[in-house]
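A short worksheet on the structure shown next.
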Amino acid sequence: MIKWEHSVFALPFALCGAMLAASGLPSAHQLLWIVIAMIAARSAAMAFNRLADAAIDSANPRTRTRALPAGQLSAAFVATFVIVSCAIFIVAASQLNRLTLWLSPVALAILLLYSYTKRFTRWSHLVLGFALGIAPAAAWIAVRGSLDPRILLLTAAVTFWVAGFDILYACQDLQFDRDAGLHSIPRHVGIQRSLWIARAFHLIMLLLLMVLVPAFALGKLAIAGIVAVTLLLLYEHSLVKPDDLSKLNAAFFTMNGIISVVFAVFVAADLLLRK
């Protein structure tokens, strides 16, 4: 029903937030509960999305083989899974500090309510981006117990990164979205313009990452990480063309997982070697 490997999209950026907050490695206790919280939150969000979109998925030829439309799981099971995942997330937040516990319902609201945004706005891609983008800020709060505005640069970068590749992914559902009355950038502006919007979003992401370097006094390794991300994004966009979406899954799943891990590794190395 959910893809555990999808947690790799946001988890490395969350770990970046935690390491920036700690100026190195957080404690083992903090790392453990941050990872548990991230996996639980992502699982709850994906399962809730499947539940909210069950009728839509059953009508879409691309998604009708998913577990709920295919009858492999019941709605009651999925609802229970969501509740249990949310409970684990709140428990994990409680193990970090008081502020993470207080803010845990807010984080869950953002993660779950995203599922309905494509019913009324073409900018649901940015809402999804923000849902994942809060991960580094949440990890910062988990380590520090407070929020530093500087970490919002990374939140904004992740927001535009996710929104960009979600626009690419939505291109394959352009006709279905039109027929079903759902909203997306591709549905409203077409595939070619959508590809340019996705490129613009990823350019904004890179600019934000560049501003992140002086904001946290990062060094050459972090800059090298941004260069690597730039090259990977260029390759990702080369895979998707207006008249050929056959490599979209490679661009979406493989490349974005690599991008998040590569950036996290370079930032971690920069922080640890500097320390």
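Chain labels A, B, ... are given in the sequence in which chains occur in the structure tokens; within each chain residues are numbered consecutively from 1, and ligands are likewise numbered from 1 in the order shown.
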Which neighbours of range 72-87 of chain A fall inside 7 Å, counting only C-alpha atoms, when residues of the same chain fewer than 6 positions from it are skipped, and could you give them as a list in words?
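What passes the distance filter is Ala40, Ala41, Ser43, Ala44, Ala47, Phe48 and Leu51 of chain A.
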Same residues, C-alpha atoms, saved as a compact mmCIF listing (two decimals), in the first residue's frame:
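Contents of result26.txt, as written:
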```
# COMPACT_ATOMS: atom_id res chain seq x y z
CA ALA A 40 5.55 7.16 11.01
CA ALA A 41 4.55 10.55 9.58
CA SER A 43 3.45 6.23 6.46
CA ALA A 44 0.41 8.01 7.89
CA ALA A 47 -1.91 5.67 3.75
CA PHE A 48 -4.32 8.57 4.32
CA LEU A 51 -7.81 6.31 1.66
```
Contacts of Ala264 in chain A at 9 Å (only C-alpha atoms; same-chain gap of 2+ positions) as a PyMOL selection string:
chain A and resi 12-16+225+259-262+266-269
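Nearest residue to Ser194 in chain A among A:Arg150, A:His125, A:Lys247, A:Arg144 is A:His125, counting only C-alpha atoms.
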If you run DSSP on this backbone, which residues of range 7-177 of chain A come out as alpha helix (DSSP H), and could you give them as a ChimeraX atom specification?
/A:11-22,28-52,54-59,75-94,98-113,124-144,152-170,174-177
Between CA of Ile204 in chain A and CA of Thr155 in chain A, what is the distance, to one decimal in Å?
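CA of Thr155 in chain A lies at a distance of 12.3 Å from CA of Ile204 in chain A.
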Arg98 in chain A surroundings by only C-alpha atoms, 12 Å radius, close-in-sequence under 2 positions cut, as a PyMOL selection string
chain A and resi 90-96+100-104+141-146
Which residue out of A:Val158, A:Ala138, A:Thr117, A:Leu218 has the minimum interatomic distance to His183 in chain A when only C-alpha atoms are used?
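Once distances to His183 in chain A are computed over only C-alpha atoms, the minimum belongs to A:Thr117.
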